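The structure under discussion appears below in the form of structure tokens.
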Amino acid sequence: MIKSRAAVAFAPNQPLQIVEVDVAPPQAGEVLVRIVASGVCHTDAYTLSGQDSEGVFPCILGHEGGGIVEAVGEGVTSVQVGDHVIPLYTAECRQCKFCTSGKTNLCSSVRATQGKGLMPDGTTRFSYNGQPVYHYMGCSTFSEYTVLPEVSVAVIPKEAPLEKVCLLGCGVTTGIGAVLNTAKVTEGSTVAIFGLGGIGLAAIIGAKMAKASRIIGVDINPAKEAVARELGLTDFVNPKDHAKPIQDVIVEMTDGGVDYSFECIGNVQLMRAALECCHKGWGESTIIGVAPAGAEISTRPFQLVTGRVWRGSAFGGVKGRTELPSYVAKSQKGEIPLDTFITHTMGLEDINEAFELMEEGKSIRTVIHF
Ligand code: NAD
Ligand code: AHE
Ligand code: ZN
């Protein structure tokens with residue numbers, strides 16, 4: 001057992017508490033990672049709010065981290081002590097039906113236990129005062145030390161700054177990947193992006209990479225316009241400035257609708273708007289935002305009958321162990337400007353402030369330094 005400083009979510013809607021938890025050694029097929037830095041994603045806040053049907057408490061949140069392997073369990077072959085890694089909430093075992101399908105990044109190897117806050121053997125490695133503390137999304141990066149399955153870490157070059165490339169563990173990769181892998185946006189296309197937080201801004205980068213001709217951003221926070229334009233946004237639309245439904249505004253702006261849209265908020269009304277602002281006959285809308293448990297999407301089936309397509313994307317369709325090194329390389333070459341996303345940095349003791357900044361719309365990403 002080792003001691004680890006961690007931000008524990010003891011109950012929904014309560015501030016995280018910084019305590020010293022006990023961490024058990026990695027078991028067979030597992031690795032112990034010392035977390036160097038972790039971003040805070042809106043999904044952490046969503047789970048803390050109690051709206052996540054998979055939220056179990058007490059738990060250690062955080063899933064956008066970067067760290068260094070400190071120890072490996074029995075039988076671990078693909079990772080060594082000293083390797084720099086990015087934890088993966090979407091594992092990649094390369095053996096399951098999903099991994100071998102060539103159709104999806106949704107690996108099934110550890111997903112069932114991961115969703116219950118447990119390691120693959122059905123137990124936890126974290127405890128506090130002798131009581132179990134649950135894992136989160138298979139990552140729990142708001143802890144100085146965490147334990148992950150071997151299949152849930154991507155090894156990256158040691159030169160990459162972990163306090164920046166940690167953002168590739170979720171937000172930045174998700175937005176870019178949704179555009180390039182899921183929607184497969186083509187050159188010259190028109191794109192609408194709903195929500196210009198970490199995910200939506202990354203989707204702008206993806207749309208630029210895909211050589212989209214027009215990139216329309218939708219957000220109720222006018223402060224997002226400047227940074228979005230810096231990344232390549234061509235038009236900013238604030239729904240508060242318009243009386244008519246926002247899908248109608250976009251359809252008018254684009255002679256019938258956009259070729260591709262992305263919902264990066266987690267609001268089912270905006271998921272509908274994102275679908276309905278797509279062009280008749282071919283427009284495709286991708287849902288990225290995570291809606292509260294029990295929420296449902298709706299539209300007139302006629303929207304689909306007349307050729308619009310509705311799809312969704314998890315972690316940008318990216319297979320982490322295979323593809324993350326190329327995202328790291330792109331960030332190293334300046335093709336993915338991670339600095340633009342990092343509006344705040346702070347120590348673990350101030351992590352509740354990071355959640356407040358996000359809720360107030362004042363941050364894009366806060367990176368916690370350990
Ligand atoms: P964020 O809080 O940084 O950004 C959300 C943005 O949406 C903000 O700019 C906010 O002003 C805007 N917004 C909120 N309500 C709006 C409204 N009614 N109309 C227009 N704009 C509105 O969040 P984020 O970290 O970028 O995450 C965005 C969503 O993506 C969340 O739901 C998160 O859970 C989800 N997510 C999904 C995946 C995935 O793999 N599918 C990965 C990461 C995050
Ligand atoms: N537990 C949630 C599901 C939330 C969800 O959809 N998560 C996204 C990643 S969000 C990262 O910030 C995802 O990858 N989903 C696919 C998966 O396998 O979880 C709920 O609503 O139950
Ligand atoms: Zn996330």
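Each chain of the structure tokens is named A, B, ... in the order shown, its residues numbered from 1; ligands are numbered from 1 in display order.
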Open item on the list: I want to know what sits within 8 Å of Val110 (chain A), based on only C-alpha atoms, with residues of the same chain fewer than 4 positions away left out; could you give that as a ChimeraX atom specification?
Closed with: /A:91,114,119-120,149
Write out, as a PDB file, in the first residue's frame, the residues just selected, with C-alpha atoms.
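Below is the file that was written, again.pdb:
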```pdb
ATOM      1  CA  ALA A  91      -9.354   1.155 -23.518  1.00  0.00           C
ATOM      2  CA  GLN A 114     -15.118   0.410 -15.401  1.00  0.00           C
ATOM      3  CA  MET A 119     -10.979  -2.673 -11.649  1.00  0.00           C
ATOM      4  CA  PRO A 120     -11.452  -5.686 -13.984  1.00  0.00           C
ATOM      5  CA  PRO A 149      -5.434  -1.734 -16.613  1.00  0.00           C
TER       6      PRO A 149
END
```
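Per DSSP on the backbone, strand (DSSP E) in region 37-133 of chain A comprises A:Ala37, A:Ser38, A:Gly39, A:Glu64, A:Gly65, A:Gly66, A:Gly67, A:Ile68, A:Val69, A:Glu70, A:Ala71, A:Val72, A:His84, A:Val85, A:Ile86, A:Pro87, A:Phe126, A:Ser127, A:Tyr128, A:Gln131, A:Pro132, A:Val133.
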For the residues selected in the previous step, produce a file with C-alpha atoms as an mmCIF file, in the first residue's frame.
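Full text of selection39.cif as output:
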```cif
data_model
loop_
_atom_site.group_PDB
_atom_site.id
_atom_site.type_symbol
_atom_site.label_atom_id
_atom_site.label_comp_id
_atom_site.auth_asym_id
_atom_site.auth_seq_id
_atom_site.Cartn_x
_atom_site.Cartn_y
_atom_site.Cartn_z
ATOM 1 C CA ALA A 37 -1.080 16.765 -14.397
ATOM 2 C CA SER A 38 -4.784 16.485 -15.164
ATOM 3 C CA GLY A 39 -7.281 18.607 -17.019
ATOM 4 C CA GLU A 64 -7.771 13.822 -18.680
ATOM 5 C CA GLY A 65 -4.351 13.061 -17.248
ATOM 6 C CA GLY A 66 -0.709 12.521 -17.973
ATOM 7 C CA GLY A 67 1.675 10.546 -15.808
ATOM 8 C CA ILE A 68 4.645 8.242 -15.368
ATOM 9 C CA VAL A 69 4.517 4.490 -14.760
ATOM 10 C CA GLU A 70 5.840 3.701 -11.267
ATOM 11 C CA ALA A 71 5.174 -0.053 -11.089
ATOM 12 C CA VAL A 72 3.662 -2.801 -13.209
ATOM 13 C CA HIS A 84 5.167 8.373 -19.882
ATOM 14 C CA VAL A 85 1.498 7.604 -20.402
ATOM 15 C CA ILE A 86 -1.916 9.109 -21.007
ATOM 16 C CA PRO A 87 -4.718 7.218 -19.198
ATOM 17 C CA PHE A 126 -8.280 2.924 -3.574
ATOM 18 C CA SER A 127 -9.423 3.023 0.043
ATOM 19 C CA TYR A 128 -9.878 5.663 2.738
ATOM 20 C CA GLN A 131 -13.405 1.761 3.173
ATOM 21 C CA PRO A 132 -13.314 1.354 -0.625
ATOM 22 C CA VAL A 133 -13.143 4.445 -2.808
#
```
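Neighbours of Ile176 (chain A) closer than or equal to 7 Å, with only C-alpha atoms counted and sequence neighbours fewer than 3 positions away skipped, come out as Val172, Thr173, Val179, Leu180, Ala202, Ala203, Ile205, Gly206 and Gly316 of chain A.
In this comparison, which uses only C-alpha atoms, the residue of A:Ser298, A:Ser152, A:Thr77, A:Thr190 approaching Cys107 (chain A) most closely is A:Ser152.
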Task: Backbone DSSP call of alpha helix (DSSP H) for region 90-259 of chain A, listed as a PyMOL selection string - done: chain A and resi 111-114+162-165+171-177+198-209+224-231+246-253
Near ligand 3, 7 Å: chain A residue rows, closest pairs, only C-alpha atoms and all ligand atoms, as CSV:
```
residue,atom,partner,partner_atom_place_in_ligand_line,distance
A:Cys41,CA,ligand 3,1 (Zn),4.6
A:His42,CA,ligand 3,1 (Zn),6.3
A:Thr43,CA,ligand 3,1 (Zn),5.1
A:Asp44,CA,ligand 3,1 (Zn),6.9
A:His63,CA,ligand 3,1 (Zn),6.3
A:Glu64,CA,ligand 3,1 (Zn),6.5
A:Cys170,CA,ligand 3,1 (Zn),4.7
A:Gly171,CA,ligand 3,1 (Zn),5.4
```
Using the selection just defined, write its residues with C-alpha atoms as a JSON list (two decimals), in the first residue's frame.
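Result file result-v4.json:
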```json
[["chain", "number", "residue", "atom", "x", "y", "z"],
["A", 41, "CYS", "CA", -13.50, 18.19, -18.23],
["A", 42, "HIS", "CA", -17.20, 19.03, -18.13],
["A", 43, "THR", "CA", -17.92, 15.30, -17.77],
["A", 44, "ASP", "CA", -16.24, 15.37, -14.33],
["A", 63, "HIS", "CA", -9.99, 11.35, -16.77],
["A", 64, "GLU", "CA", -7.77, 13.82, -18.68],
["A", 170, "CYS", "CA", -10.09, 13.66, -23.46],
["A", 171, "GLY", "CA", -11.24, 17.08, -24.67]]
```
Open item on the list: Taking only C-alpha atoms and all ligand atoms into account, list the residues no farther than 9 Å from ligand 2, as a PyMOL selection string.
Closed with: chain A and resi 41-44+46-47+51-55+63-64+89-90+106-108+111+115+137+170-171+174+199+288-294+313-317
May I have the selected residues written with N, CA and C atoms, as a compact mmCIF listing (two decimals), in the first residue's frame?
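What ended up in again.txt:
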```txt
# COMPACT_ATOMS: atom_id res chain seq x y z
N CYS A 41 -12.57 18.22 -17.09
CA CYS A 41 -13.50 18.19 -18.23
C CYS A 41 -14.93 18.38 -17.71
N HIS A 42 -15.82 18.83 -18.58
CA HIS A 42 -17.20 19.03 -18.13
C HIS A 42 -17.82 17.71 -17.66
N THR A 43 -17.36 16.59 -18.19
CA THR A 43 -17.92 15.30 -17.77
C THR A 43 -17.64 15.02 -16.29
N ASP A 44 -16.52 15.52 -15.77
CA ASP A 44 -16.24 15.37 -14.33
C ASP A 44 -17.33 16.10 -13.52
N TYR A 46 -20.32 16.86 -14.59
CA TYR A 46 -21.59 16.15 -14.85
C TYR A 46 -21.76 14.98 -13.86
N THR A 47 -20.71 14.21 -13.68
CA THR A 47 -20.81 13.07 -12.76
C THR A 47 -20.94 13.56 -11.32
N GLN A 51 -25.92 13.45 -12.03
CA GLN A 51 -26.78 13.14 -13.19
C GLN A 51 -26.30 11.95 -14.01
N ASP A 52 -25.15 11.40 -13.64
CA ASP A 52 -24.55 10.29 -14.40
C ASP A 52 -25.08 8.97 -13.84
N SER A 53 -25.74 8.20 -14.69
CA SER A 53 -26.30 6.93 -14.20
C SER A 53 -25.19 5.97 -13.76
N GLU A 54 -23.96 6.23 -14.20
CA GLU A 54 -22.85 5.36 -13.77
C GLU A 54 -22.04 5.99 -12.62
N GLY A 55 -22.50 7.09 -12.09
CA GLY A 55 -21.75 7.75 -11.01
C GLY A 55 -21.87 6.96 -9.71
N HIS A 63 -10.24 12.32 -15.70
CA HIS A 63 -9.99 11.35 -16.77
C HIS A 63 -9.20 11.98 -17.92
N GLU A 64 -8.50 13.10 -17.62
CA GLU A 64 -7.77 13.82 -18.68
C GLU A 64 -6.35 14.04 -18.17
N TYR A 89 -9.90 6.42 -21.01
CA TYR A 89 -11.22 5.93 -20.55
C TYR A 89 -11.86 5.04 -21.60
N THR A 90 -11.32 5.08 -22.80
CA THR A 90 -11.72 4.11 -23.83
C THR A 90 -10.48 3.24 -24.05
N LEU A 106 -14.73 1.58 -29.47
CA LEU A 106 -15.34 1.22 -28.18
C LEU A 106 -14.93 -0.18 -27.76
N CYS A 107 -13.76 -0.30 -27.16
CA CYS A 107 -13.24 -1.58 -26.66
C CYS A 107 -14.12 -2.09 -25.51
N SER A 108 -14.38 -3.40 -25.49
CA SER A 108 -15.26 -3.94 -24.43
C SER A 108 -14.48 -4.61 -23.30
N ARG A 111 -14.81 -2.40 -20.00
CA ARG A 111 -15.86 -1.38 -19.92
C ARG A 111 -16.92 -1.69 -18.85
N GLY A 115 -17.49 0.89 -15.66
CA GLY A 115 -18.74 1.63 -15.45
C GLY A 115 -19.27 1.49 -14.04
N MET A 137 -14.27 6.24 -14.60
CA MET A 137 -13.98 6.13 -16.04
C MET A 137 -12.65 5.38 -16.27
N CYS A 170 -8.65 13.57 -23.18
CA CYS A 170 -10.09 13.66 -23.46
C CYS A 170 -10.40 14.79 -24.44
N GLY A 171 -10.60 16.01 -23.91
CA GLY A 171 -11.24 17.08 -24.67
C GLY A 171 -10.71 17.33 -26.06
N THR A 174 -11.09 14.36 -28.43
CA THR A 174 -12.51 14.11 -28.71
C THR A 174 -13.05 15.03 -29.80
N ILE A 199 -14.31 20.98 -25.96
CA ILE A 199 -14.62 20.02 -27.05
C ILE A 199 -14.92 20.77 -28.35
N ILE A 288 -21.76 14.80 -29.46
CA ILE A 288 -20.59 14.55 -28.61
C ILE A 288 -20.98 14.79 -27.15
N GLY A 289 -21.80 15.81 -26.91
CA GLY A 289 -22.19 16.18 -25.54
C GLY A 289 -22.87 15.02 -24.82
N VAL A 290 -22.70 14.99 -23.50
CA VAL A 290 -23.28 13.94 -22.67
C VAL A 290 -24.51 14.51 -21.97
N ALA A 291 -25.67 13.94 -22.27
CA ALA A 291 -26.92 14.43 -21.68
C ALA A 291 -27.21 13.73 -20.36
N PRO A 292 -27.97 14.39 -19.48
CA PRO A 292 -28.27 13.78 -18.17
C PRO A 292 -28.95 12.42 -18.31
N ALA A 293 -28.74 11.54 -17.32
CA ALA A 293 -29.39 10.23 -17.33
C ALA A 293 -30.88 10.41 -17.51
N GLY A 294 -31.49 9.64 -18.38
CA GLY A 294 -32.94 9.70 -18.57
C GLY A 294 -33.36 10.66 -19.67
N SER A 313 -20.35 10.23 -31.09
CA SER A 313 -18.91 9.98 -31.07
C SER A 313 -18.40 9.94 -29.63
N ALA A 314 -17.63 8.90 -29.30
CA ALA A 314 -17.00 8.78 -27.99
C ALA A 314 -15.48 8.84 -28.17
N PHE A 315 -14.85 9.73 -27.42
CA PHE A 315 -13.40 9.94 -27.53
C PHE A 315 -12.99 10.12 -29.00
N GLY A 316 -13.87 10.79 -29.75
CA GLY A 316 -13.54 11.12 -31.14
C GLY A 316 -13.29 9.91 -32.03
N GLY A 317 -13.81 8.75 -31.60
CA GLY A 317 -13.57 7.55 -32.42
C GLY A 317 -12.11 7.14 -32.45
```
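Candidate residues A:Ala228, A:Val147, A:Met358, A:Ile216 were compared for distance to ligand 1, and the nearest is A:Met358, using only C-alpha atoms and all ligand atoms.
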TODO: Mind checking which residues fall within 6 Å of Gly117 (chain A), counting only C-alpha atoms, ignoring those fewer than 3 positions away in the same chain, and posting them as a ChimeraX atom specification?
DONE: /A:114,134-136
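With distances taken over only C-alpha atoms and all ligand atoms, A:Ala45 is the one residue among A:Val185, A:Ile351, A:Ala295, A:Ala45 lying closest to ligand 1.
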- [ ] Find the residues around Ala212 (chain A) up to 10 Å (only C-alpha atoms counted), leave out those fewer than 4 positions away in its own chain, and share them as a VMD selection string.
- [x] chain A and resid 185 to 191 204 206 to 208 232 259 to 260
Could you write out the selected residues, including all heavy atoms, as a JSON list (two decimals), in the first residue's frame?
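Saved the output as out.json:
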```
[["chain", "number", "residue", "atom", "x", "y", "z"],
["A", 185, "VAL", "N", -15.38, 14.83, -42.08],
["A", 185, "VAL", "CA", -15.68, 16.08, -42.79],
["A", 185, "VAL", "C", -14.77, 16.19, -44.02],
["A", 185, "VAL", "O", -13.57, 15.93, -43.95],
["A", 185, "VAL", "CB", -15.48, 17.29, -41.85],
["A", 185, "VAL", "CG1", -15.50, 18.61, -42.60],
["A", 185, "VAL", "CG2", -16.56, 17.28, -40.76],
["A", 186, "THR", "N", -15.37, 16.59, -45.14],
["A", 186, "THR", "CA", -14.61, 16.67, -46.39],
["A", 186, "THR", "C", -14.24, 18.12, -46.72],
["A", 186, "THR", "O", -14.89, 19.06, -46.26],
["A", 186, "THR", "CB", -15.43, 16.07, -47.55],
["A", 186, "THR", "OG1", -16.72, 16.70, -47.53],
["A", 186, "THR", "CG2", -15.59, 14.57, -47.40],
["A", 187, "GLU", "N", -13.23, 18.27, -47.54],
["A", 187, "GLU", "CA", -12.73, 19.60, -47.93],
["A", 187, "GLU", "C", -13.85, 20.44, -48.55],
["A", 187, "GLU", "O", -14.66, 19.94, -49.34],
["A", 187, "GLU", "CB", -11.59, 19.42, -48.96],
["A", 187, "GLU", "CG", -10.92, 20.73, -49.30],
["A", 187, "GLU", "CD", -9.65, 20.52, -50.14],
["A", 187, "GLU", "OE1", -9.18, 19.37, -50.29],
["A", 187, "GLU", "OE2", -9.15, 21.53, -50.65],
["A", 188, "GLY", "N", -13.89, 21.70, -48.15],
["A", 188, "GLY", "CA", -14.89, 22.62, -48.72],
["A", 188, "GLY", "C", -16.24, 22.60, -48.02],
["A", 188, "GLY", "O", -17.13, 23.38, -48.36],
["A", 189, "SER", "N", -16.41, 21.71, -47.04],
["A", 189, "SER", "CA", -17.71, 21.58, -46.36],
["A", 189, "SER", "C", -18.01, 22.75, -45.45],
["A", 189, "SER", "O", -17.11, 23.44, -44.97],
["A", 189, "SER", "CB", -17.70, 20.32, -45.49],
["A", 189, "SER", "OG", -17.46, 19.18, -46.23],
["A", 190, "THR", "N", -19.32, 22.92, -45.17],
["A", 190, "THR", "CA", -19.74, 23.87, -44.14],
["A", 190, "THR", "C", -20.02, 23.09, -42.86],
["A", 190, "THR", "O", -20.55, 21.97, -42.90],
["A", 190, "THR", "CB", -21.00, 24.63, -44.58],
["A", 190, "THR", "OG1", -22.00, 23.67, -44.96],
["A", 190, "THR", "CG2", -20.71, 25.54, -45.76],
["A", 191, "VAL", "N", -19.64, 23.71, -41.73],
["A", 191, "VAL", "CA", -19.70, 23.01, -40.44],
["A", 191, "VAL", "C", -20.33, 23.94, -39.40],
["A", 191, "VAL", "O", -20.01, 25.13, -39.36],
["A", 191, "VAL", "CB", -18.26, 22.61, -39.98],
["A", 191, "VAL", "CG1", -18.26, 22.04, -38.58],
["A", 191, "VAL", "CG2", -17.65, 21.62, -40.96],
["A", 204, "ILE", "N", -13.25, 22.79, -33.87],
["A", 204, "ILE", "CA", -12.85, 23.82, -34.85],
["A", 204, "ILE", "C", -11.49, 23.44, -35.46],
["A", 204, "ILE", "O", -11.28, 23.54, -36.67],
["A", 204, "ILE", "CB", -12.76, 25.22, -34.20],
["A", 204, "ILE", "CG1", -14.14, 25.65, -33.69],
["A", 204, "ILE", "CG2", -12.20, 26.25, -35.19],
["A", 204, "ILE", "CD1", -14.12, 26.97, -32.92],
["A", 206, "GLY", "N", -10.25, 20.50, -35.76],
["A", 206, "GLY", "CA", -10.50, 19.37, -36.66],
["A", 206, "GLY", "C", -11.07, 19.84, -37.99],
["A", 206, "GLY", "O", -10.65, 19.40, -39.06],
["A", 207, "ALA", "N", -12.02, 20.80, -37.91],
["A", 207, "ALA", "CA", -12.66, 21.30, -39.13],
["A", 207, "ALA", "C", -11.64, 22.05, -40.01],
["A", 207, "ALA", "O", -11.68, 21.96, -41.24],
["A", 207, "ALA", "CB", -13.84, 22.20, -38.77],
["A", 208, "LYS", "N", -10.73, 22.77, -39.37],
["A", 208, "LYS", "CA", -9.65, 23.45, -40.12],
["A", 208, "LYS", "C", -8.75, 22.41, -40.79],
["A", 208, "LYS", "O", -8.37, 22.55, -41.95],
["A", 208, "LYS", "CB", -8.80, 24.31, -39.18],
["A", 208, "LYS", "CG", -9.37, 25.68, -38.90],
["A", 208, "LYS", "CD", -9.34, 26.61, -40.09],
["A", 208, "LYS", "CE", -7.97, 27.28, -40.29],
["A", 208, "LYS", "NZ", -8.05, 28.24, -41.43],
["A", 232, "GLY", "N", -9.98, 29.43, -35.99],
["A", 232, "GLY", "CA", -10.47, 29.24, -37.36],
["A", 232, "GLY", "C", -11.96, 29.40, -37.55],
["A", 232, "GLY", "O", -12.47, 29.18, -38.66],
["A", 259, "ASP", "N", -23.30, 21.15, -44.02],
["A", 259, "ASP", "CA", -22.98, 19.76, -44.41],
["A", 259, "ASP", "C", -22.77, 18.88, -43.17],
["A", 259, "ASP", "O", -23.11, 17.70, -43.16],
["A", 259, "ASP", "CB", -21.71, 19.74, -45.27],
["A", 259, "ASP", "CG", -21.87, 20.55, -46.54],
["A", 259, "ASP", "OD1", -22.93, 20.43, -47.17],
["A", 259, "ASP", "OD2", -20.94, 21.33, -46.88],
["A", 260, "TYR", "N", -22.20, 19.49, -42.12],
["A", 260, "TYR", "CA", -21.91, 18.73, -40.89],
["A", 260, "TYR", "C", -22.17, 19.61, -39.67],
["A", 260, "TYR", "O", -21.84, 20.80, -39.70],
["A", 260, "TYR", "CB", -20.43, 18.29, -40.84],
["A", 260, "TYR", "CG", -20.02, 17.38, -41.95],
["A", 260, "TYR", "CD1", -19.45, 17.88, -43.12],
["A", 260, "TYR", "CD2", -20.22, 16.00, -41.84],
["A", 260, "TYR", "CE1", -19.08, 17.05, -44.16],
["A", 260, "TYR", "CE2", -19.85, 15.14, -42.88],
["A", 260, "TYR", "CZ", -19.27, 15.67, -44.03],
["A", 260, "TYR", "OH", -18.90, 14.83, -45.05]]
```
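The gap separating CA of Leu168 (chain A) from CA of Pro222 (chain A) is 25.7 Å, in Å to one decimal.
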Task: Contacts of Leu196 (chain A) within 12 Å, only C-alpha atoms, excl. fewer than 4 positions in-chain, as a ChimeraX atom specification - done: /A:171-172,175,192,200-205,215-229,231,233,236-238,262-265,289,341,361,363-365
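Among A:Val151, A:Val40, A:Ala9, A:Met1, the residue with the shortest atom-to-atom distance to Ala354 (chain A), counting only C-alpha atoms, is A:Val40.
CA of Thr100 (chain A) lies 24.2 Å from CA of Ile287 (chain A).
With only C-alpha atoms as the atoms that count, the minimum distance from Glu284 (chain A) to the choices A:Lys184, A:Val36, A:Thr340, A:Gly195 is reached by A:Lys184.
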TODO: Identify, on the basis of only C-alpha atoms, every residue whose closest approach to Val249 (chain A) does not exceed 9 Å; exclude the query and any residue fewer than 6 positions from it along the same chain; express the result as a ChimeraX atom specification.
DONE: /A:237,239,242,277
Could you write out that same residue set with N, CA, C and O atoms as a JSON list (two decimals), in the first residue's frame?
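Dumped everything to selection-v2.json:
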```
[["chain", "number", "residue", "atom", "x", "y", "z"],
["A", 237, "VAL", "N", -22.48, 32.67, -33.72],
["A", 237, "VAL", "CA", -23.92, 32.90, -33.55],
["A", 237, "VAL", "C", -24.27, 32.72, -32.08],
["A", 237, "VAL", "O", -24.00, 31.66, -31.50],
["A", 239, "PRO", "N", -27.38, 32.38, -29.73],
["A", 239, "PRO", "CA", -28.84, 32.17, -29.79],
["A", 239, "PRO", "C", -29.61, 33.27, -29.07],
["A", 239, "PRO", "O", -30.75, 33.55, -29.43],
["A", 242, "HIS", "N", -31.15, 36.07, -31.20],
["A", 242, "HIS", "CA", -32.14, 35.73, -32.23],
["A", 242, "HIS", "C", -33.46, 35.30, -31.61],
["A", 242, "HIS", "O", -33.46, 34.55, -30.63],
["A", 277, "CYS", "N", -30.33, 21.78, -38.35],
["A", 277, "CYS", "CA", -29.64, 22.83, -39.14],
["A", 277, "CYS", "C", -28.81, 22.20, -40.26],
["A", 277, "CYS", "O", -28.11, 22.91, -40.99]]
```
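Considering only C-alpha atoms, the residue among A:Gly29, A:Gly177, A:Gly62, A:Gly73 positioned nearest to Gly138 (chain A) is A:Gly62.
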